[in-house]
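**Student:** Quick one: the structure is below, and I'll ask about it shortly.
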Amino acid sequence: MKTVNWPAWPQYGDEEQAAVSGVIASNQLFADRQVRQFEDQFSEYVGVEYALGLGNATEGLHLALAALDVGAGDEVIVTPYSWISSVSCVLMQNAIPIFCDIEPESLGLCPADVERRITKRTKAIILVHMFGYPAKIAQFVELSERYGIPLIEDASHAHGASSDGRKMGSFGAISVFSLHQRKSLSVGDGGVLCTNSPTIYEKVRRLRSFGHEELSYNYRMSEFAGALGQVGLRKLDAHNVVRSSNAEYLSELLADSSDYTVRLGRPGETPAFYAVLLDVNTPIPDLNFQLERMTQAGVPIRKTWGLLHLHPHFNPDVAPARGLPWRDDDYDGIMRTVEYREVLLPVATGLCPDNVLELYVHPPTGPREIEFVARELKALRN
Ligand SMILES: Cc1ncc(COP(=O)(O)O)c(C=O)c1O
C-alpha cells in the first residue's frame with residue numbers, strides 16, 4: 001500500500017501564537033477578559049443567551065446535571081454510543097444512567113426508545129450529536145416539553161452543525177461543547193456550557209468557581225483557552241466548509257461502490273463532520289488488519305466507538321468503595337434487577353463498532369487525500 005501525507009489536525013499558526021503571547025504579556029492567566037470575550041462571541045455564534053467557559057466538556061456535563069439538581073436515586077437517559085463523559089457525568093452525581101437505543105439515521109438516541117424508558121425517576125435526557133451529525137432534535141424538544149424533563153445537548157462534536165437553520169446546542173435547556181485539542185474548535189483543553197435560562201446561568205457560574213455555600217468546584221476556563229477559542233471561532237465556519245466538501249467528495253467517489261455508504265446527514269441538516277462516518281454495507285475480510293494497514297499508510301480511519309453499556313464503570317468486577325447508585329436500597333427502578341451489559345440495544349449493537357467507520361477530514365485535508373482514501377477503500381475488496 002502506498003502512503004499519504006495526511007495533514008495533521010490541529011495546525012496552530014501565527015494568530016494562535018499571538019493570542020497566547022498576548023495572554024502572557026497581560027500577566028493574567030486565569031479566567032478574565034479573554035474568557036469573557038470568548039463567552040460573548042460563542043453565545044452569539046450558537047444563538048443562546050449565555051455561554052460559560054470551563055476547563056473541559058466533562059466538567060460541563062457534570063455541572064449541567066448539578067445545576068438541574070440531579071442526584072441520588074434519579075435516573076438520567078443516556079446513549080450507549082458516545083465518549084465515556086456523556087455517561088460518567090451521571091455517576092458523578094450519584095444518579096443512575098438509563099441506556100436507550102440509537103436510531104440508524106443519525107446514530108443519536110431514538111426518541112421512541114427514550115419515551116419507552118421514561119419513568120417517574122427520569123430527571124434529564126443527555127442527547128449527543130455524534131461526530132457532528134444532528135440527532136432528532138425536534139422530537140426531543142417535543143418529548144422534553146411533554147414530559148417536563150430537561151434536555152441536555154452534548155454538542156462536543158457539533159460546533160457549527162445546524163438543523164433547519166438553527167445551531168445545535170441552542171435547543172436544550174443546557175448544552176455543552178468540548179474544545180479539546182482534537183476537536184473542530186481546538187484550544188488544548190476547554191469546554192463551554194450554554195443556556196438560555198438566567199437561573200441555570202447563575203447557578204453554573206457559582207458552581208464553576210467555589211460558589212458561596214453550595215458544594216462547588218473549580219472548573220474555570222484558562223485565559224489561554226479563552227484567547228485561543230476566539231481565534232478558533234473566527235476560523236470555524238471556513239473549516240467546516242472544508243470538512244463538508246471532503247465528505248461530499250468522498251460520497252461522490254464511492255457512489256459506484258455498494259460496499260460503503262457515506263453519511264451526509266438528513267435533509268434540512270448541516271452536519272459539522274467532526275469525522276465523516278461511512279457504513280460498511282457488506283462484511284470486509286480481515287477488516288481490522290486492513291484498517292491497521294491504512295492507518296500505517298497515514299489515513300486517519302478506524303472502526304467507530306464501542307458501546308458504553310459494556311464499560312467497566314457500569315459492570316465492575318468489584319463495587320467501588322462509594323458503592324453503586326443502582327444498588328442503593330432506596331432505588332427500586334429497572335437497573336436494580338438488570339445488568340447493564342444485558343440491556344437490549346439492537347440498533348446500537350448492530351452498527352457499533354464493526355459496521356461504521358470514522359474518517360477525519362479536517363482542513364487542510366483536500367481532494368488529493370480523499371481520492372487516496374477512496375481508492376484504498378475500494379481496493380479492500382480486491
Ligand atoms: C461526545 C463527547 N462528550 C464529551 C467529551 C468530553 O470532552 P472533554 O475532553 O472536553 O472533557 C468528549 C471527548 O472527546 C466527547 O467526545
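Each chain in the C-alpha cells gets a letter, A, B and so on, in the order shown; residues start at 1 in every chain, and ligands are counted from 1 in the order they appear.
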For Gln37 (chain A), find every residue with an atom within 10 Å (counting only C-alpha atoms), except residues of its own chain fewer than 3 positions away, and show them as a PDB file with C-alpha atoms, in the first residue's frame.
**Tutor:**
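This went into result.pdb:
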```pdb
ATOM      1  CA  ASP A  32     -10.684  37.014  32.961  1.00  0.00           C
ATOM      2  CA  ARG A  33     -11.189  39.276  29.930  1.00  0.00           C
ATOM      3  CA  GLN A  34     -10.255  36.735  27.216  1.00  0.00           C
ATOM      4  CA  ASP A  40     -19.821  36.552  24.394  1.00  0.00           C
ATOM      5  CA  GLN A  41     -18.700  35.520  20.929  1.00  0.00           C
ATOM      6  CA  PHE A  42     -19.585  31.866  21.448  1.00  0.00           C
ATOM      7  CA  GLY A 226     -10.298  31.908  26.042  1.00  0.00           C
ATOM      8  CA  ALA A 227      -7.815  33.626  23.718  1.00  0.00           C
ATOM      9  CA  GLY A 229     -11.083  29.947  21.432  1.00  0.00           C
ATOM     10  CA  GLN A 230     -11.622  33.354  19.841  1.00  0.00           C
TER      11      GLN A 230
END
```
**Student:** Find the residues near Ser163 (chain A): any atom within 9 Å, counting only C-alpha atoms, skip ones fewer than 2 places away on the same chain, and give them as number ranges by chain.
**Tutor:** A: 134, 137-138, 161, 165-168, 267-271
**Student:** Using only N, CA and C atoms, please write the residues we just selected to a file, as a PDB file, in the first residue's frame.
**Tutor:**
```pdb
ATOM      1  N   PRO A 134     -26.525  15.975  13.488  1.00  0.00           N
ATOM      2  CA  PRO A 134     -27.611  16.307  14.409  1.00  0.00           C
ATOM      3  C   PRO A 134     -28.504  15.102  14.728  1.00  0.00           C
ATOM      4  N   ILE A 137     -33.531  16.269  16.845  1.00  0.00           N
ATOM      5  CA  ILE A 137     -33.668  17.290  17.878  1.00  0.00           C
ATOM      6  C   ILE A 137     -35.119  17.747  18.065  1.00  0.00           C
ATOM      7  N   ALA A 138     -35.865  17.912  16.969  1.00  0.00           N
ATOM      8  CA  ALA A 138     -37.234  18.433  17.104  1.00  0.00           C
ATOM      9  C   ALA A 138     -38.061  17.474  17.967  1.00  0.00           C
ATOM     10  N   ALA A 161     -22.727  22.822  13.603  1.00  0.00           N
ATOM     11  CA  ALA A 161     -23.766  21.998  12.956  1.00  0.00           C
ATOM     12  C   ALA A 161     -25.125  22.660  13.192  1.00  0.00           C
ATOM     13  N   GLY A 165     -31.598  25.400  10.048  1.00  0.00           N
ATOM     14  CA  GLY A 165     -31.005  26.737  10.185  1.00  0.00           C
ATOM     15  C   GLY A 165     -30.667  27.136  11.612  1.00  0.00           C
ATOM     16  N   ARG A 166     -30.967  26.285  12.576  1.00  0.00           N
ATOM     17  CA  ARG A 166     -30.680  26.640  13.974  1.00  0.00           C
ATOM     18  C   ARG A 166     -29.546  25.766  14.485  1.00  0.00           C
ATOM     19  N   LYS A 167     -28.596  26.405  15.175  1.00  0.00           N
ATOM     20  CA  LYS A 167     -27.378  25.700  15.580  1.00  0.00           C
ATOM     21  C   LYS A 167     -27.655  24.640  16.653  1.00  0.00           C
ATOM     22  N   MET A 168     -26.979  23.515  16.525  1.00  0.00           N
ATOM     23  CA  MET A 168     -27.029  22.506  17.584  1.00  0.00           C
ATOM     24  C   MET A 168     -26.401  23.147  18.823  1.00  0.00           C
ATOM     25  N   PRO A 267     -32.056  15.677   5.100  1.00  0.00           N
ATOM     26  CA  PRO A 267     -32.462  16.963   4.534  1.00  0.00           C
ATOM     27  C   PRO A 267     -32.738  17.970   5.659  1.00  0.00           C
ATOM     28  N   GLY A 268     -32.325  19.202   5.451  1.00  0.00           N
ATOM     29  CA  GLY A 268     -32.552  20.249   6.466  1.00  0.00           C
ATOM     30  C   GLY A 268     -31.451  20.316   7.503  1.00  0.00           C
ATOM     31  N   GLU A 269     -30.527  19.351   7.463  1.00  0.00           N
ATOM     32  CA  GLU A 269     -29.457  19.333   8.469  1.00  0.00           C
ATOM     33  C   GLU A 269     -28.115  19.718   7.841  1.00  0.00           C
ATOM     34  N   THR A 270     -27.304  20.408   8.619  1.00  0.00           N
ATOM     35  CA  THR A 270     -25.915  20.661   8.240  1.00  0.00           C
ATOM     36  C   THR A 270     -25.028  20.020   9.294  1.00  0.00           C
ATOM     37  N   PRO A 271     -24.522  18.825   9.011  1.00  0.00           N
ATOM     38  CA  PRO A 271     -23.614  18.200   9.990  1.00  0.00           C
ATOM     39  C   PRO A 271     -22.291  18.963  10.046  1.00  0.00           C
TER      40      PRO A 271
END
```
**Student:** Could you check how far atom 5 (C, counted along the ligand's line) of ligand 1 sits from CA of Val373 (chain A), in Å to one decimal?
**Tutor:**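 These atoms are spaced 27.4 Å apart.
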**Student:** Report as a count of residues only: the residues of region 66-287 of chain A with a DSSP assignment of strand (DSSP E or B), based on the backbone of this structure.
**Tutor:** 51
**Student:** With only C-alpha atoms as the basis for distance, which of A:Asn288, A:Thr119, A:Asn240, A:Asn218 is at the shortest distance from Met335 (chain A)?
**Tutor:**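 Under the stated criterion, the closest residue is A:Thr119.
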**Student:** Please provide as a PyMOL selection string all residues within 6 Å of region 276-285 of chain A, with the sequence filter that same-chain residues fewer than 3 positions apart are discarded (counting only C-alpha atoms).
**Tutor:** chain A and resi 259-263+273+355-359
**Student:** Just the selected residues (C-alpha atoms), exported as a short mmCIF file (atom, residue, chain, number, x, y, z; two decimals), in the first residue's frame, please.
**Tutor:**
```
data_model
loop_
_atom_site.label_atom_id
_atom_site.label_comp_id
_atom_site.auth_asym_id
_atom_site.auth_seq_id
_atom_site.Cartn_x
_atom_site.Cartn_y
_atom_site.Cartn_z
CA ASP A 259 -19.80 -1.66 -0.18
CA TYR A 260 -19.91 1.71 1.58
CA THR A 261 -22.41 4.46 2.28
CA VAL A 262 -21.02 7.83 3.28
CA ARG A 263 -23.29 9.55 5.80
CA PHE A 273 -18.40 16.41 10.11
CA ASN A 355 -20.14 -1.68 10.74
CA VAL A 356 -19.36 2.04 10.85
CA LEU A 357 -16.02 3.65 10.01
CA GLU A 358 -14.90 7.14 11.00
CA LEU A 359 -12.53 9.19 8.87
#
```
**Student:** Residues within 6 Å of ligand 1, counting only C-alpha atoms and all ligand atoms: report them as a count of residues only.
**Tutor:** 14
**Student:** Hey, could you make a per-residue contact list for region 65-152 of chain A against region 305-317 of chain A with 7 Å as the cut-off, showing the nearest pair of atoms and its distance in Å to one decimal, counting only C-alpha atoms, sorted by chain and number, as JSON lines?
**Tutor:**
```
{"residue": "A:Pro80", "atom": "CA", "partner": "A:Leu308", "partner_atom": "CA", "distance": 4.7}
{"residue": "A:Tyr81", "atom": "CA", "partner": "A:Leu307", "partner_atom": "CA", "distance": 5.4}
{"residue": "A:Ile84", "atom": "CA", "partner": "A:Leu308", "partner_atom": "CA", "distance": 6.8}
{"residue": "A:Phe99", "atom": "CA", "partner": "A:His309", "partner_atom": "CA", "distance": 6.9}
```
**Student:** Ranking A:Ala374, A:Glu105, A:Phe30, A:Leu291 by minimum distance to Ser251 (chain A) and counting only C-alpha atoms, which one comes first?
**Tutor:**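 Nearest to Ser251 (chain A): A:Ala374.
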**Student:** If we count only C-alpha atoms and set the cut-off at 10 Å, which residues sit around Ala348 (chain A), ignoring sequence neighbours fewer than 5 positions away in its own chain? Please answer as a ChimeraX atom specification.
**Tutor:** /A:79-81,100-104,107-109,306-307,353
**Student:** Taking the chain letters and numbering used in this document, name the residues of region 278-318 of chain A that DSSP puts in alpha helix (DSSP H), as number ranges by chain.
**Tutor:** A: 287-296
**Student:** Distance CA of Met1 (chain A)-CA of Ala255 (chain A), one decimal place?
**Tutor:** 22.6 Å
**Student:** Show which residues sit within 8 Å of region 203-212 of chain A, as a list in words. Count only C-alpha atoms, and ignore same-chain residues fewer than 6 positions away.
**Tutor:**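 That gives Leu52, Leu54, Leu63, Ala64, Ala67, Asn218, Tyr219 and Arg220 of chain A.
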**Student:** Using CA of Ile125 (chain A) and CA of Ile77 (chain A) as the two end points, give the distance in Å to one decimal.
**Tutor:**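 Going from CA of Ile125 (chain A) over to CA of Ile77 (chain A) covers 4.6 Å.
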**Student:** Choose the residue, out of A:Ile96, A:Ala225, A:Ala272, A:Val23, that has the smallest atom-to-atom separation from Tyr133 (chain A); count only C-alpha atoms.
**Tutor:**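 Using only C-alpha atoms, the shortest distance to Tyr133 (chain A) belongs to A:Ala272.
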**Student:** Rank A:Ile334, A:Ala247, A:Met221, A:Val299 by their smallest atom-to-atom distance to Asn5 (chain A), using only C-alpha atoms, and report the top residue only.
**Tutor:** A:Val299
**Student:** With only C-alpha atoms as the basis for distance, which of A:Ile98, A:Val128, A:Ile370, A:Leu29 is at the shortest distance from Tyr340 (chain A)?
**Tutor:**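 Result for the nearest residue to Tyr340 (chain A): A:Ile98.
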**Student:** Need to verify the contact set: Val176 (chain A), 6 Å, only C-alpha atoms, exclusion of same-chain residues closer than 2 positions in sequence. Can you return it as a list in words?
**Tutor:** Gly60, Asp154, Ala155, Val192 and Leu193 of chain A
**Student:** Could you tell me which of A:Gly13, A:Lys2, A:Glu339, A:Gly73 comes closest to Ala379 (chain A) if we count only C-alpha atoms?
**Tutor:**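 Among the listed residues, A:Lys2 lies closest to Ala379 (chain A).
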